[in-house]
$ cat data-v1.txt   # compact mmCIF, C-alpha atoms and all ligand atoms
# COMPACT_ATOMS: atom_id res chain seq x y z
CA MET A 1 109.58 87.43 97.16
CA ILE A 2 109.24 90.89 95.69
CA TRP A 3 105.90 92.59 96.25
CA ASN A 4 106.10 95.14 93.41
CA GLU A 5 108.85 93.92 91.13
CA HIS A 6 108.17 96.52 88.45
CA ILE A 7 108.95 99.34 90.89
CA GLU A 8 111.36 97.72 93.31
CA CYS A 9 113.68 96.45 90.58
CA MET A 10 113.47 99.35 88.14
CA SER A 11 116.58 100.91 86.65
CA ARG A 12 118.07 104.00 88.25
CA ASP A 13 117.30 106.06 85.13
CA GLU A 14 113.65 105.10 85.15
CA LEU A 15 113.45 105.74 88.87
CA ARG A 16 115.05 109.18 88.56
CA GLU A 17 112.51 110.10 85.93
CA ILE A 18 109.62 109.17 88.24
CA GLN A 19 111.26 110.93 91.19
CA SER A 20 111.85 114.09 89.15
CA LYS A 21 108.26 114.28 87.95
CA ARG A 22 106.85 113.67 91.44
CA LEU A 23 109.27 116.09 93.06
CA CYS A 24 108.16 118.91 90.73
CA GLU A 25 104.50 118.13 91.50
CA THR A 26 105.22 118.15 95.24
CA VAL A 27 107.06 121.47 95.11
CA GLU A 28 104.18 123.02 93.23
CA ARG A 29 101.68 121.52 95.70
CA VAL A 30 103.40 122.93 98.78
CA TYR A 31 104.12 126.31 97.18
CA TYR A 32 100.50 126.96 96.37
CA ASN A 33 98.88 125.21 99.35
CA VAL A 34 101.18 125.59 102.36
CA PRO A 35 101.97 129.20 103.37
CA PHE A 36 104.93 127.97 105.44
CA TYR A 37 106.70 126.54 102.38
CA ARG A 38 105.75 129.42 100.10
CA LYS A 39 107.32 131.84 102.57
CA LYS A 40 110.43 129.69 102.99
CA MET A 41 110.91 129.45 99.23
CA GLN A 42 110.27 133.14 98.67
CA GLU A 43 112.86 133.98 101.33
CA ILE A 44 115.55 132.28 99.25
CA GLY A 45 114.15 133.53 95.95
CA LEU A 46 113.00 130.13 94.77
CA GLU A 47 109.99 129.56 92.54
CA PRO A 48 108.41 126.22 91.70
CA GLU A 49 109.67 126.51 88.10
CA ASP A 50 113.26 126.55 89.39
CA ILE A 51 112.91 122.92 90.38
CA LYS A 52 113.14 120.93 87.16
CA GLY A 53 114.02 117.55 88.60
CA ILE A 54 115.84 115.60 91.26
CA GLN A 55 119.12 117.36 90.33
CA ASP A 56 117.63 120.52 91.89
CA LEU A 57 116.67 118.85 95.18
CA SER A 58 119.42 120.53 97.18
CA LYS A 59 118.07 123.99 96.28
CA LEU A 60 115.02 123.32 98.44
CA PRO A 61 114.79 124.41 102.09
CA PHE A 62 114.98 121.93 104.97
CA THR A 63 112.11 121.07 107.30
CA THR A 64 112.71 120.26 110.98
CA LYS A 65 110.66 118.81 113.81
CA GLN A 66 110.46 122.33 115.22
CA ASP A 67 108.71 123.47 112.02
CA LEU A 68 106.03 120.85 112.62
CA ARG A 69 105.63 122.04 116.19
CA ASP A 70 105.44 125.67 115.17
CA ASN A 71 102.65 124.79 112.79
CA TYR A 72 100.68 122.76 115.33
CA PRO A 73 98.31 121.15 114.71
CA PHE A 74 97.33 121.28 111.04
CA ASN A 75 99.06 124.28 109.46
CA LEU A 76 101.40 122.27 107.26
CA PHE A 77 98.57 120.30 105.69
CA ALA A 78 98.30 120.85 101.94
CA VAL A 79 94.68 119.73 101.60
CA PRO A 80 91.44 120.85 103.28
CA MET A 81 90.57 118.89 106.44
CA SER A 82 87.64 117.31 104.61
CA GLU A 83 90.24 115.36 102.58
CA VAL A 84 92.13 114.17 105.66
CA VAL A 85 90.88 110.75 106.72
CA ARG A 86 93.31 110.03 109.55
CA VAL A 87 95.73 111.80 111.89
CA HIS A 88 98.54 110.39 114.00
CA ALA A 89 100.72 112.19 116.53
CA SER A 90 103.92 111.77 118.48
CA SER A 91 105.08 113.42 121.69
CA GLY A 92 106.76 116.81 121.49
CA THR A 93 109.09 118.89 123.64
CA THR A 94 106.59 121.52 124.69
CA GLY A 95 103.94 119.03 125.64
CA LYS A 96 102.32 119.56 122.28
CA PRO A 97 102.61 116.58 119.98
CA THR A 98 103.76 116.56 116.37
CA VAL A 99 100.68 115.95 114.26
CA VAL A 100 100.62 114.23 110.88
CA GLY A 101 97.70 113.63 108.51
CA TYR A 102 96.78 111.31 105.66
CA THR A 103 94.37 111.44 102.74
CA ARG A 104 92.76 108.26 101.46
CA ARG A 105 95.48 108.02 98.81
CA ASP A 106 98.20 108.56 101.43
CA LEU A 107 96.86 105.62 103.44
CA SER A 108 96.87 103.52 100.32
CA SER A 109 100.53 104.44 99.58
CA TRP A 110 101.39 103.67 103.19
CA SER A 111 99.82 100.20 102.99
CA GLU A 112 101.74 99.66 99.76
CA VAL A 113 105.14 100.52 101.24
CA VAL A 114 104.45 98.42 104.35
CA ALA A 115 103.36 95.51 102.17
CA ARG A 116 106.62 95.81 100.24
CA SER A 117 108.57 96.00 103.50
CA LEU A 118 106.90 92.96 105.01
CA HIS A 119 107.38 90.95 101.83
CA CYS A 120 110.99 92.14 101.70
CA ALA A 121 111.44 90.82 105.25
CA GLY A 122 109.93 87.48 104.28
CA VAL A 123 106.30 87.86 105.41
CA GLU A 124 103.65 86.50 103.07
CA LYS A 125 100.03 85.44 102.79
CA ASN A 126 100.33 82.28 104.87
CA ASP A 127 101.85 84.09 107.81
CA ARG A 128 100.12 85.01 111.05
CA ILE A 129 101.46 88.31 112.26
CA GLN A 130 101.14 89.36 115.86
CA ILE A 131 101.32 93.15 115.94
CA ALA A 132 102.61 94.16 119.35
CA TYR A 133 103.31 97.78 118.43
CA GLY A 134 100.97 100.20 120.15
CA TYR A 135 97.72 101.00 118.32
CA GLY A 136 96.52 104.58 118.56
CA LEU A 137 98.11 107.93 117.83
CA PHE A 138 101.48 106.19 117.42
CA THR A 139 101.96 105.09 113.81
CA GLY A 140 103.49 101.69 114.65
CA GLY A 141 100.39 99.54 115.20
CA LEU A 142 98.00 100.78 112.54
CA GLY A 143 100.85 101.35 110.08
CA ILE A 144 101.97 97.71 110.07
CA HIS A 145 98.36 96.56 110.36
CA TYR A 146 97.09 97.71 106.96
CA GLY A 147 100.25 96.66 105.14
CA ALA A 148 99.99 93.18 106.65
CA GLU A 149 96.35 92.93 105.56
CA LYS A 150 97.37 94.03 102.08
CA VAL A 151 99.90 91.21 101.96
CA GLY A 152 97.09 88.90 102.98
CA ALA A 153 98.65 87.67 106.19
CA THR A 154 96.43 86.88 109.16
CA VAL A 155 96.65 89.90 111.44
CA ILE A 156 96.56 89.52 115.22
CA PRO A 157 96.15 93.15 116.41
CA ILE A 158 97.10 92.60 120.04
CA SER A 159 98.83 96.03 120.44
CA GLY A 160 101.60 96.65 123.00
CA GLY A 161 102.05 95.33 126.52
CA ASN A 162 100.36 92.49 128.40
CA THR A 163 103.23 90.07 128.03
CA LYS A 164 101.37 87.07 129.43
CA LYS A 165 98.64 87.43 126.84
CA GLN A 166 101.22 87.98 124.10
CA LEU A 167 102.80 84.63 124.95
CA ASN A 168 99.50 82.78 125.25
CA LEU A 169 98.23 84.00 121.90
CA MET A 170 101.58 83.45 120.25
CA SER A 171 101.35 79.81 121.18
CA ASP A 172 97.57 79.26 120.75
CA PHE A 173 97.21 81.19 117.48
CA GLU A 174 100.51 79.84 116.15
CA SER A 175 101.87 83.28 115.24
CA THR A 176 104.69 83.05 112.71
CA VAL A 177 105.68 86.74 112.82
CA ILE A 178 106.02 89.16 115.73
CA ALA A 179 106.17 92.92 115.13
CA CYS A 180 107.38 95.05 118.05
CA THR A 181 110.37 97.04 119.30
CA PRO A 182 113.62 95.04 119.46
CA SER A 183 113.90 95.62 123.22
CA TYR A 184 110.42 94.19 123.75
CA ALA A 185 111.44 91.15 121.69
CA LEU A 186 114.24 90.47 124.16
CA TYR A 187 111.82 91.01 127.01
CA LEU A 188 109.47 88.43 125.49
CA ALA A 189 112.39 86.00 125.19
CA GLU A 190 113.14 86.39 128.86
CA ALA A 191 109.50 85.98 129.83
CA MET A 192 109.43 82.74 127.84
CA GLU A 193 112.45 81.49 129.71
CA GLU A 194 110.80 82.23 133.05
CA LYS A 195 107.63 80.46 132.07
CA GLY A 196 109.50 77.49 130.66
CA ILE A 197 108.30 78.08 127.10
CA ASP A 198 110.68 76.70 124.49
CA PRO A 199 110.79 79.20 121.58
CA ALA A 200 111.97 76.42 119.27
CA LYS A 201 108.61 74.71 119.76
CA LEU A 202 106.65 77.79 118.70
CA LYS A 203 105.81 78.53 115.07
CA LEU A 204 107.50 81.94 115.23
CA LYS A 205 110.00 82.46 112.40
CA THR A 206 110.35 86.20 111.76
CA GLY A 207 110.45 89.41 113.78
CA ILE A 208 109.73 92.85 112.33
CA PHE A 209 111.55 95.22 114.64
CA GLY A 210 111.78 99.00 114.59
CA ALA A 211 110.89 102.29 116.33
CA GLU A 212 114.21 102.37 118.20
CA PRO A 213 117.87 102.02 117.29
CA TRP A 214 119.41 98.58 117.67
CA THR A 215 122.65 96.99 116.65
CA ASN A 216 123.64 93.84 114.81
CA ASN A 217 124.79 92.33 118.09
CA MET A 218 121.34 92.82 119.53
CA ARG A 219 120.01 91.15 116.40
CA LYS A 220 122.21 88.12 117.04
CA GLN A 221 120.90 87.88 120.60
CA ILE A 222 117.27 88.09 119.54
CA GLU A 223 117.76 85.57 116.76
CA ALA A 224 119.47 83.10 119.07
CA LYS A 225 116.99 83.46 121.90
CA LEU A 226 113.78 83.41 119.88
CA HIS A 227 114.92 81.13 117.04
CA ILE A 228 113.76 83.63 114.43
CA LYS A 229 115.13 85.91 111.75
CA ALA A 230 115.13 89.46 113.15
CA MET A 231 114.47 92.09 110.50
CA ASP A 232 114.87 95.85 110.79
CA ILE A 233 112.07 98.13 109.59
CA TYR A 234 112.49 101.90 109.52
CA GLY A 235 110.08 104.78 109.47
CA LEU A 236 109.01 107.97 111.15
CA SER A 237 105.60 109.55 111.36
CA GLU A 238 106.71 112.86 109.84
CA ILE A 239 107.51 111.03 106.62
CA MET A 240 104.82 108.32 106.78
CA GLY A 241 105.31 105.85 109.64
CA PRO A 242 106.83 102.36 109.48
CA GLY A 243 107.63 101.16 105.96
CA VAL A 244 109.84 104.01 104.75
CA ALA A 245 112.57 101.36 104.49
CA CYS A 246 113.04 97.69 105.37
CA GLU A 247 115.67 94.99 105.26
CA CYS A 248 115.65 92.11 102.81
CA SER A 249 116.81 88.59 103.59
CA TYR A 250 120.46 89.63 103.10
CA GLN A 251 120.24 91.87 106.17
CA ASN A 252 122.73 94.28 104.71
CA GLY A 253 120.97 97.64 104.71
CA LEU A 254 117.32 98.70 104.46
CA HIS A 255 115.76 99.27 101.02
CA VAL A 256 114.12 102.72 100.88
CA ALA A 257 110.81 103.10 99.00
CA GLU A 258 112.43 105.67 96.74
CA ASP A 259 109.44 106.17 94.50
CA HIS A 260 107.69 107.72 97.54
CA PHE A 261 110.54 109.14 99.61
CA ILE A 262 113.81 110.57 98.28
CA PRO A 263 116.67 110.08 100.76
CA GLU A 264 119.77 112.24 101.08
CA THR A 265 122.62 112.24 103.59
CA ILE A 266 123.99 115.61 104.69
CA SER A 267 126.82 116.89 106.83
CA THR A 268 125.43 118.36 110.05
CA ASP A 269 128.07 121.10 109.86
CA THR A 270 127.81 122.31 106.28
CA LEU A 271 124.30 120.97 105.56
CA LYS A 272 125.65 119.90 102.16
CA ASN A 273 125.28 116.39 100.78
CA VAL A 274 128.08 114.11 101.93
CA ASP A 275 130.08 112.08 99.41
CA MET A 276 128.81 108.69 98.34
CA GLY A 277 129.56 106.07 100.96
CA MET A 278 130.08 108.57 103.78
CA GLU A 279 128.00 108.78 106.94
CA GLY A 280 125.61 111.71 107.19
CA GLU A 281 122.30 112.81 108.64
CA LEU A 282 119.41 111.21 106.81
CA VAL A 283 117.06 113.66 105.08
CA PHE A 284 113.81 112.71 103.34
CA THR A 285 111.59 114.45 100.81
CA THR A 286 108.16 112.91 100.32
CA ILE A 287 107.05 112.90 96.69
CA THR A 288 103.61 111.31 96.71
CA LYS A 289 102.06 112.53 99.94
CA GLU A 290 98.97 114.71 99.63
CA ALA A 291 97.98 115.70 103.18
CA LEU A 292 101.43 116.42 104.59
CA PRO A 293 104.08 116.72 101.87
CA ILE A 294 107.47 117.39 103.45
CA LEU A 295 110.54 118.90 101.81
CA ARG A 296 113.96 117.72 102.99
CA TYR A 297 113.02 116.61 106.50
CA ARG A 298 116.01 116.35 108.82
CA THR A 299 115.50 113.03 110.62
CA ARG A 300 118.60 113.44 112.88
CA ASP A 301 119.32 109.77 112.25
CA LEU A 302 122.84 109.04 111.04
CA THR A 303 123.36 106.56 108.23
CA VAL A 304 125.20 105.68 105.01
CA LEU A 305 123.39 105.25 101.69
CA ASN A 306 124.46 102.37 99.47
CA TYR A 307 123.46 102.49 95.79
CA ASP A 308 125.10 99.16 94.86
CA LYS A 309 122.79 96.55 93.47
CA CYS A 310 121.56 94.18 96.17
CA GLU A 311 121.76 90.42 95.81
CA CYS A 312 118.00 90.21 96.31
CA GLY A 313 117.45 91.92 92.96
CA ARG A 314 115.96 95.13 94.30
CA THR A 315 117.49 98.32 92.94
CA MET A 316 116.13 100.63 95.64
CA VAL A 317 118.94 102.29 97.60
CA ARG A 318 119.86 100.75 100.93
CA MET A 319 120.37 102.77 104.11
CA GLN A 320 122.65 101.32 106.74
CA LYS A 321 121.05 100.34 110.02
CA CYS A 322 120.71 103.54 112.10
CA THR A 323 122.41 103.37 115.46
CA GLY A 324 123.24 106.99 116.15
CA ARG A 325 121.58 110.39 116.15
CA SER A 326 122.79 113.92 115.60
CA ASP A 327 120.71 115.36 118.45
CA ASP A 328 120.10 114.45 122.08
CA MET A 329 116.81 112.65 121.57
CA LEU A 330 116.45 109.44 123.56
CA ILE A 331 114.20 106.63 122.52
CA ILE A 332 112.77 104.95 125.59
CA ARG A 333 110.40 102.06 125.11
CA GLY A 334 109.69 103.32 121.60
CA VAL A 335 108.80 106.81 122.82
CA ASN A 336 110.81 109.86 121.76
CA VAL A 337 112.14 111.78 124.74
CA PHE A 338 114.01 115.07 124.55
CA PRO A 339 115.83 116.35 127.64
CA SER A 340 114.34 119.77 126.86
CA GLN A 341 110.86 118.37 127.59
CA ILE A 342 111.92 117.58 131.13
CA GLU A 343 113.68 120.90 131.44
CA SER A 344 110.54 122.81 130.50
CA VAL A 345 108.56 121.00 133.20
CA LEU A 346 111.20 121.81 135.82
CA LEU A 347 111.37 125.43 134.73
CA GLU A 348 107.71 125.84 135.45
CA MET A 349 108.11 124.65 139.03
CA ARG A 350 109.20 126.99 141.74
CA GLU A 351 110.62 124.28 143.96
CA THR A 352 113.21 122.94 141.59
CA LYS A 353 116.24 124.14 139.70
CA PRO A 354 116.64 123.28 136.05
CA HIS A 355 119.61 121.12 136.99
CA TYR A 356 118.84 117.54 136.30
CA LEU A 357 120.35 114.29 135.21
CA LEU A 358 118.66 111.59 133.18
CA ILE A 359 119.76 108.06 133.85
CA VAL A 360 118.61 105.52 131.32
CA GLU A 361 119.06 101.86 132.05
CA ARG A 362 117.84 98.59 130.75
CA HIS A 363 116.54 96.08 133.28
CA ASN A 364 115.27 92.75 132.01
CA ASN A 365 115.34 94.29 128.55
CA LEU A 366 112.95 97.06 129.51
CA ASP A 367 114.22 100.62 129.42
CA THR A 368 113.89 102.69 132.59
CA LEU A 369 114.30 106.41 133.05
CA GLU A 370 115.37 107.87 136.38
CA ILE A 371 115.51 111.63 136.75
CA TRP A 372 117.61 113.34 139.38
CA VAL A 373 116.31 116.78 140.12
CA GLU A 374 117.92 119.47 142.21
CA VAL A 375 115.66 121.10 144.75
CA ASP A 376 115.84 124.84 145.29
CA GLU A 377 117.60 125.75 148.52
CA ALA A 378 114.57 127.64 149.78
CA PHE A 379 112.41 124.57 149.42
CA PHE A 380 114.82 121.93 150.53
CA SER A 381 113.52 120.50 153.76
CA ASP A 382 114.36 117.72 156.11
CA GLU A 383 110.73 116.91 156.37
CA ILE A 384 110.32 113.67 154.50
CA ARG A 385 106.63 114.12 153.86
CA LYS A 386 107.17 117.43 152.07
CA LEU A 387 109.84 115.95 149.85
CA GLU A 388 107.66 112.94 149.10
CA ASN A 389 104.83 115.18 147.99
CA LEU A 390 107.19 117.18 145.82
CA THR A 391 108.53 113.98 144.25
CA LYS A 392 104.99 112.88 143.47
CA LYS A 393 104.14 116.22 141.91
CA ILE A 394 107.22 116.26 139.66
CA THR A 395 106.74 112.62 138.68
CA HIS A 396 103.16 113.31 137.70
CA GLU A 397 104.05 116.40 135.64
CA ILE A 398 106.89 114.70 133.80
CA GLN A 399 104.93 111.52 133.15
CA SER A 400 102.03 113.40 131.67
CA THR A 401 104.41 115.35 129.42
CA LEU A 402 106.44 112.36 128.23
CA GLY A 403 103.74 109.73 128.24
CA ILE A 404 105.99 107.12 129.88
CA SER A 405 106.58 106.17 133.49
CA VAL A 406 109.66 107.64 135.16
CA LYS A 407 111.31 107.54 138.55
CA VAL A 408 112.15 110.90 140.10
CA LYS A 409 114.83 111.31 142.73
CA LEU A 410 115.28 114.64 144.49
CA VAL A 411 118.81 115.67 145.28
CA GLU A 412 120.23 118.44 147.45
CA PRO A 413 121.06 121.79 145.93
CA LYS A 414 124.34 121.90 143.99
CA THR A 415 124.91 118.18 143.88
CA ILE A 416 124.61 117.76 140.14
CA GLU A 417 127.90 118.45 138.49
CA ARG A 418 128.07 121.75 136.59
CA SER A 419 129.90 121.88 133.34
CA GLU A 420 131.21 124.80 131.39
CA GLY A 421 130.53 123.54 127.93
CA LYS A 422 127.48 121.56 126.92
CA ALA A 423 125.88 120.27 130.10
CA LYS A 424 125.97 116.54 130.53
CA ARG A 425 122.35 115.73 131.12
CA ILE A 426 122.21 112.11 130.11
CA ILE A 427 123.79 108.95 131.37
CA ASP A 428 122.72 106.19 129.06
CA ARG A 429 123.72 102.90 130.64
CA ARG A 430 121.83 100.82 128.12
CA LYS A 431 124.33 98.82 126.21
CA LEU A 432 123.36 98.58 122.60
CA VAL A 433 125.39 95.40 122.44
ZN ZN A 501 118.06 93.43 99.09

$ encode --input "data-v1.txt" --output "structure tokens"
Amino acid sequence: MIWNEHIECMSRDELREIQSKRLCETVERVYYNVPFYRKKMQEIGLEPEDIKGIQDLSKLPFTTKQDLRDNYPFNLFAVPMSEVVRVHASSGTTGKPTVVGYTRRDLSSWSEVVARSLHCAGVEKNDRIQIAYGYGLFTGGLGIHYGAEKVGATVIPISGGNTKKQLNLMSDFESTVIACTPSYALYLAEAMEEKGIDPAKLKLKTGIFGAEPWTNNMRKQIEAKLHIKAMDIYGLSEIMGPGVACECSYQNGLHVAEDHFIPETISTDTLKNVDMGMEGELVFTTITKEALPILRYRTRDLTVLNYDKCECGRTMVRMQKCTGRSDDMLIIRGVNVFPSQIESVLLEMRETKPHYLLIVERHNNLDTLEIWVEVDEAFFSDEIRKLENLTKKITHEIQSTLGISVKVKLVEPKTIERSEGKAKRIIDRRKLV
């Protein structure tokens, strides 16, 4: 089942030719339409003509999440707003989200890469796909949605949460595919057990799981508990959303849609490309996007690229399942959380010290975040009511910044261990087993 055999199975030479042509067009587009990139290129004495093909990719400057924040909301867009037909956004460290935009053609490319991904993972026209990713500013729900419609599957756009309803519809509508985060899949399995639902009796056969790192052991658990094949889909809004890469039935790496996104792996120390077969930070350059073309975006995800031909027949490079990151970002219930976001909230409060500890756990397959916060000596009081009010205030501030529920625990001054080097701010007790 190959959605676009002509592209997905093309020879490396042919592919490089397409990538080179599109890369040159992209460089020209950003140079003349995005002041940020023009300035960055001028700073290193680079002109669009210097980029003659994919062999010159490493001459281009990197883009980071911070660059997107600094250009909030629309300053990296390469087209007038009248051409932008949709925006999505994800949470950011300063409370301001990272905003991405799409032209009509971008949306069409996105549906195409998701259609390829779904087909690659075994989803086809006769399937009924229950999309339990959140719909809204998050790219998960709507991203999978249009690709699934393009494939011709029956879409059940239930969005995230409401587990009882998820299970009822799954059974009544005879869903064959579930798309959600892997941790939610395990949560669903447990809920079935509690309700005495036998997964083997459902029609479910495939899961499309992404938006958070997960291991092959977790895959085994999900597959055994839900009686399905659990497939990994990869994407990030800065590049497109879900569908940047997806596993095929061999479950041995995710095929990247290389005619839209050129992947590289770099050393986080030297920022140079790592040798073939070595682990490095994944970097993407978009080569077809119109609204938000991005040069060499540092994803912070660590992976290995594998250019060997895959048994499925696809020639598109495979990236190894991502399980680690090169920064301190946490993914909690599919939401990106940076410790610095919490720090900035605490810094704005007079009653607290910016000494804190994040404790992440997984209960019943749902991630929880508990935050220990040190109270300033001057405000520390034995009066329970005062402390309760303070707890409420901090909880509210942090929740509205992160967009997820958290539990705040106030601790006495100087109880959180100080360290001389990099402060240990995170205790992640989730076992990615
Ligand atoms: Zn394959």

$ atom_distance --input "data-v1.txt" --atom1 "atom CA of A:Glu49" --atom2 "atom CA of A:Ser20"
12.7 Å

$ closest_residue --input "data-v1.txt" --among "A:Cys310, A:Ala191, A:Ile54, A:Leu202" --to "ligand ZN 501 (chain A)" --atoms "only C-alpha atoms and all ligand atoms"
A:Cys310

$ residues_around --input "data-v1.txt" --residues "A:Ala291" --least-positions-apart "2" --cutoff "8 Å" --atoms "all atoms listed in the file" --output "VMD selection string"
chain A and resid 77 to 79 83 to 84 101 to 103 106 289 293

$ closest_atom_pairs --input "data-v1.txt" --of "chain A" --to "ligand ZN 501 (chain A)" --cutoff "6 Å" --atoms "only C-alpha atoms and all ligand atoms" --output "JSON lines"
{"residue": "A:Cys248", "atom": "CA", "partner": "A:ZN501", "partner_atom": "ZN", "distance": 4.6}
{"residue": "A:Cys310", "atom": "CA", "partner": "A:ZN501", "partner_atom": "ZN", "distance": 4.6}
{"residue": "A:Glu311", "atom": "CA", "partner": "A:ZN501", "partner_atom": "ZN", "distance": 5.8}
{"residue": "A:Cys312", "atom": "CA", "partner": "A:ZN501", "partner_atom": "ZN", "distance": 4.3}
{"residue": "A:Arg314", "atom": "CA", "partner": "A:ZN501", "partner_atom": "ZN", "distance": 5.5}

$ atom_distance --input "data-v1.txt" --atom1 "atom CA of A:Asp275" --atom2 "atom CA of A:Lys321"
18.2 Å

$ closest_residue --input "data-v1.txt" --among "A:Arg429, A:His396, A:His355, A:His6" --to "A:Thr415" --atoms "only C-alpha atoms"
A:His355

$ closest_residue --input "data-v1.txt" --among "A:His255, A:Phe284, A:Ser249, A:Ile294" --to "A:Leu76" --atoms "all atoms listed in the file"
A:Ile294

$ atom_distance --input "data-v1.txt" --atom1 "atom CA of A:Ser58" --atom2 "atom CA of A:Leu282"
13.4 Å
